[in-house]
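Trainee: Before I ask anything, let me first share the structure, which is written out below as C-alpha cells.
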Amino acid sequence: MAQEAPSTGGSSRTLTMARAGREAVIAEMRKDPNIFVIGEDVAKLGGVFGTTVGMAAEFGAERVIDTPISETGFIGIATGAAMAGMRPIVEIAFVDFIGVCFNQIFNFAAKTHYMSGGQFKVPLTMMIGYGGGYNDAAQHSQCLIGTLAHVPGIRIVTPADAYDAKGLMHTCLRDDNLTIWMVHKAIWGLGWLGTAIKTAMATVPEEEYAIPFGQARIWREGTDVTLVGYGITVHHSLQAAEKLAAEGISAEVLDLRTIVPMDRDAIMKSVAKTGRLVVADEDYMNCGVTAEVLATIAERNPKILKAPAVRVANPDIPVPFSRPMENFALPDADKIVAAAKATLKAS
Amino acid sequence: MKPTPKQRIWMYESMLKSRLFDDALFEAYWEGKKPVFHMGKGPLPGEMHQSFGQEPTAVGVCAHLGPDDAVGAGHRPHHVAIARGVNLKRMAAEVFGKKTGLSGGRGGHMHLYDNNVNFFCSGIIAEGMGPGAGIALARKMQKKPGIAVAYNGDGAVNQGAFHEVMNMAALWKLPFVCVIEDNNYAVSVTTKESTVVPAWKRAAGYDCPGEYVKGNDPDLIFEAAARAVQHAREGKGPSILEIETERLHGHFIGDSAGYRSKDEVAGQKDPIPVYRKRLLDEKALTAADMETLEANVKEEVDAALKFARDSEYPAPTEALDRVYA
C-alpha cells in the first residue's frame, strides 16, 4: 500500500488531494454500478499515488481491475466499455506513459463522439499524475498538459488543492466525455514525494459537490500584477505573492483550475484590473498553456496590458536529472517574483 | 454447423449489396477527378478503400450475430458494415459527406458508426481491437448477452494493440472474436514479408482457439465462425479467426498495385460469381428467384446512392457541433 501523508479527522477534515479524489470516486461508485477503475497497480497496491486505496476491498476485483502493462490495450478496452454504457476510470500514474497509448486517446477516445455524429458517447475519466521536482528525470517528470490540451474532445482539470480535487473529480465522473483529472505528484499527498506544500491539503466537506468546468479560482486578490498558474504553480505563485507583499507589491493569484475549457473571462477580468501578467507553468513553454493565456489577451484586448507579459515555464528542455539542472528547469516562487518585478519595471 | 439455404441466400444477397455499392462508389469516385487525379475533388473526396473480393469474410461471420452483438471494422469497412445491417442510405450519405449521413458527414467512409446495430470503425490499424474487447467487457460486467467482433487486416497483427488486447481478452475471458482478413497485403507489403507467425497460430500464445479458413468461401467461413462465436457466447473467452481472402483492387482507388505480378493478378478469383453459381447449381434458389433478388438489391443500392446525392451538405458551422457530448 502506498504511504500517505496523514490527514486529520473530525468535522473539519483536512484531506490530502489523493484522499479527496478517492472520496469522490467512492461516492460515485456506490451510486453507479457502471463505474469501474482499471489500470496498473490500482487494486492490490491502491494506486501508485494512493488514490484507489481500499477500493478493491469495497468493490471487488471486478470493479477495480489490475491490468498488465499494456496502456494501449486497456485504454482501448476502457473506451469500448464506455461506448457500451460503462463509465470507466483509468489511472495512468505518470503522464509520461501516454507516449505508448496516445493513439488510442487522441485518435479514438477523444474523437469517437464527434466522428460518430454523437451516436457514441465516451464517458471515460483518466487519473494522471504529472510533474517533477524529485529528480526522476526526463521520462517521469513531464507535465504534457499542453500536449493533451491541444487535442479536441478532451476536458482537462488540474486541481491545486484537496477541495478542488474532490469537486472536480465529481464533475469529471458525471460528464459524458473523455475527462482527465491531472494532479501534480508533489501535491498529490504522498510522503515520499514531499509534503512541503501544505496548502494543497484543504478542508473538505463530507457531502458531495461538483465544481463546474471552466471556472478559474482567485486564491488571493491583488492590484499590481496577476500571477496565473494551475496545480503546483498556484502554490509557487502564492509564495511569490507573499514575498512581493513584503516589498509592497500587491499580486493577484489566479488558478486556471481547468485547462480545457479555460476560463478566459477570468483572465481578462484580472489582468484588466492589474494591467500586468506573469504566467507560471511547469510544462514546456513552446506552444503551451502559457502561450494560450497570452493569446487570450492578444486576441481580446491587448490594451489591458500596461507592460509586456512574462512567462515562467520549462525552457523547452527535457527535464534534467541532476538537482541543480532540474531546479533550473522548474518554476519556483523566486522566478515568479523576478518575473513580476520585471513586468512592473517595464512600464 | 452448415448454413441453411436461407442463410446462404442472405450471404449472397449481402455480398452482392456490398459489391454493387462499391461498384457505384467506384464510378462516382472518378467524377471530378479526371483528367488530373486530385483526391479531394468530386462528389466522393478523400481516400476510398473498397471491399472488392473481401465480401465473404463479412457475411460468413455476421450471419451469426444478433442485435446484442457489436462489430468493429477497420479502414476497409463497407462489406462488414453492410453485412452487419448498417443503414445503407445513411451510410451512402456519410460517404458523400452529407448532412443525412450516419455522422452528419463528420466521419466519412473510414469512420462509419451506427449505434442501432452496435457498429463502429477506425481508420487506424488494429485500433478497433481495444474498443471491441471493451464492448465485450461491458457486456460481461453488465451481465448482458452479446459478444463483440473486431475485424482487422493481416497487417494489423503486428501492431502492439493486437497483442495487448488478445492477452487481456484471454486473461479476462471476454466474449470476443478477433477476425483477421488475410488479403495478403498491408498496402504493398505481403504477409510473408511482414509476419513470422500468422495470427491464428499466435492464438496458442493466448491459450485460445485459432483457426485459418482457406478459400475465401462464405460457406466455410460460416462454419468456422460458428465455432468462434459459440466459444465466445459460452463464456470461454476470445478466439482468433483468420480468413484467407482476396483484395481484387489496389489498397485504395488510385493505387494501381504495380507491386503485384501480372500472373498473380490473373490468378485472382472473384468469390461472388463463384458463390452465385454454387447456389444455382445446388438449387438453393431458382434462377427466377435469383433474378428477383438481384433486381431488389440493385434497387436498394441505387436508392441509397440517390438518397446520398439528393441530400444536402451540412452547413459549414455544423463542424463545431458534437465535439463534446
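How things are named: the first chain in the C-alpha cells is A, the next is B, and so on; residues count from 1 in each chain; ligands count from 1 in the order shown.
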Check which residues of chain A sit at most 6 Å from chain B using only C-alpha atoms, and return one row each with the closest pair of atoms and their distance in Å to one decimal, ordered by chain and rising number, as a tab-separated table.
Mentor:
residue	atom	partner	partner_atom	distance
A:Ser70	CA	B:Glu164	CA	5.7
A:Gly73	CA	B:Val165	CA	5.0
A:Gly76	CA	B:Gly130	CA	3.9
A:Ile77	CA	B:Gly134	CA	3.7
A:Ala78	CA	B:Gly134	CA	5.7
A:Thr79	CA	B:Pro131	CA	5.6
A:Gly80	CA	B:Pro131	CA	3.6
A:Ala81	CA	B:Gly134	CA	4.3
A:Ala84	CA	B:Ile135	CA	5.5
A:Tyr114	CA	B:Val323	CA	5.0
A:Met115	CA	B:Gly107	CA	4.6
A:Ser116	CA	B:Ser103	CA	4.8
A:Gly117	CA	B:Ser103	CA	3.8
A:Gly118	CA	B:Arg322	CA	5.6
A:Gln119	CA	B:Asn115	CA	5.9
A:Gly153	CA	B:Val323	CA	5.4
A:Asp176	CA	B:Ala325	CA	5.9
Trainee: Can you tell me, as a PyMOL selection string, what residues are no more than 10 Å from Val213 of chain B when counting only C-alpha atoms, ignoring any on the same chain fewer than 5 positions away?
Mentor: chain B and resi 57+181-182+200+218+220-225+241-245
Trainee: Give me, as a ChimeraX atom specification, all polymer residues having an atom no more than 9 Å from Val80 of chain B, counting only C-alpha atoms and skipping those fewer than 6 positions away in the same chain.
Mentor: /B:18,51,55,57-59,62,71-73,86,151
Trainee: List every residue of segment 59-98 of chain A that DSSP, applied to the backbone of this structure, places in strand (DSSP E or B), and write the result as a list of chain:residue names.
Mentor: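 Selecting the strand (DSSP E or B) positions of segment 59-98 of chain A gives A:Val64, A:Ile65, A:Asp66, A:Arg87, A:Pro88, A:Ile89, A:Val90, A:Glu91, A:Ile92, A:Ala93, A:Phe94.
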Trainee: If you keep C-alpha atoms, can you produce a file of those selected residues as a PDB file, in the first residue's frame?
Mentor:
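Result file is out00.pdb:
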ATOM      1  CA  VAL A  64     -11.147  -2.430  -9.514  1.00  0.00           C
ATOM      2  CA  ILE A  65      -9.077  -4.131 -12.163  1.00  0.00           C
ATOM      3  CA  ASP A  66      -5.312  -4.544 -12.137  1.00  0.00           C
ATOM      4  CA  ARG A  87     -18.164   4.645 -17.062  1.00  0.00           C
ATOM      5  CA  PRO A  88     -14.537   3.603 -16.631  1.00  0.00           C
ATOM      6  CA  ILE A  89     -11.859   5.384 -14.639  1.00  0.00           C
ATOM      7  CA  VAL A  90      -8.374   4.712 -15.963  1.00  0.00           C
ATOM      8  CA  GLU A  91      -5.274   5.505 -13.989  1.00  0.00           C
ATOM      9  CA  ILE A  92      -2.043   6.359 -15.745  1.00  0.00           C
ATOM     10  CA  ALA A  93       0.284   7.072 -12.851  1.00  0.00           C
ATOM     11  CA  PHE A  94       2.812   9.059 -14.866  1.00  0.00           C
TER      12      PHE A  94
END
Trainee: Tell me which of A:Pro33, A:Gly21, A:Gly275, A:Gly133 sits closest to Leu227 of chain A, counting only C-alpha atoms.
Mentor: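 Checking each candidate against Leu227 of chain A, we get A:Gly275 as the closest.
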Trainee: Quick one: distance from atom CA of Tyr163 of chain A to atom CA of Val204 of chain A in Å, one decimal?
Mentor: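 Distance between the two atoms: 5.3 Å.
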Trainee: When DSSP is applied to the backbone of this structure, which of segment 125-305 of chain A are assigned alpha helix (DSSP H)? Write them out as number ranges by chain.
Mentor: A: 145-149, 162-174, 185-188, 232-246, 264-274, 289-300
Trainee: Could you name the residues that touch Phe96 of chain B at 7 Å or less, counting only C-alpha atoms, but leaving out those on the same chain fewer than 4 positions away, as number ranges by chain?
Mentor: B: 43-44, 92, 308
Trainee: Please list as a tab-separated table (two decimals) with C-alpha atoms, in the first residue's frame every residue within 9 Å of segment 23-31 of chain B, counting only C-alpha atoms and excluding residues in the same chain fewer than 5 positions away.
Mentor:
chain	number	residue	atom	x	y	z
B	18	SER	CA	-21.60	-4.64	-50.91
B	37	PHE	CA	-6.37	12.99	-60.28
B	41	LYS	CA	-12.15	16.65	-55.87
B	42	GLY	CA	-15.54	15.38	-56.99
B	43	PRO	CA	-18.59	14.24	-55.04
B	44	LEU	CA	-16.61	11.50	-53.26
B	45	PRO	CA	-13.46	13.14	-51.92
B	48	MET	CA	-11.51	5.24	-50.65
B	50	GLN	CA	-13.11	-0.69	-51.18
B	52	PHE	CA	-13.86	-5.92	-53.79
B	92	ALA	CA	-24.03	6.22	-48.51
B	95	VAL	CA	-19.53	8.58	-47.64
B	253	ILE	CA	-8.80	3.84	-55.52
B	301	VAL	CA	-28.26	0.29	-53.72
B	302	ASP	CA	-29.49	2.72	-56.37
B	305	LEU	CA	-26.91	6.39	-53.82
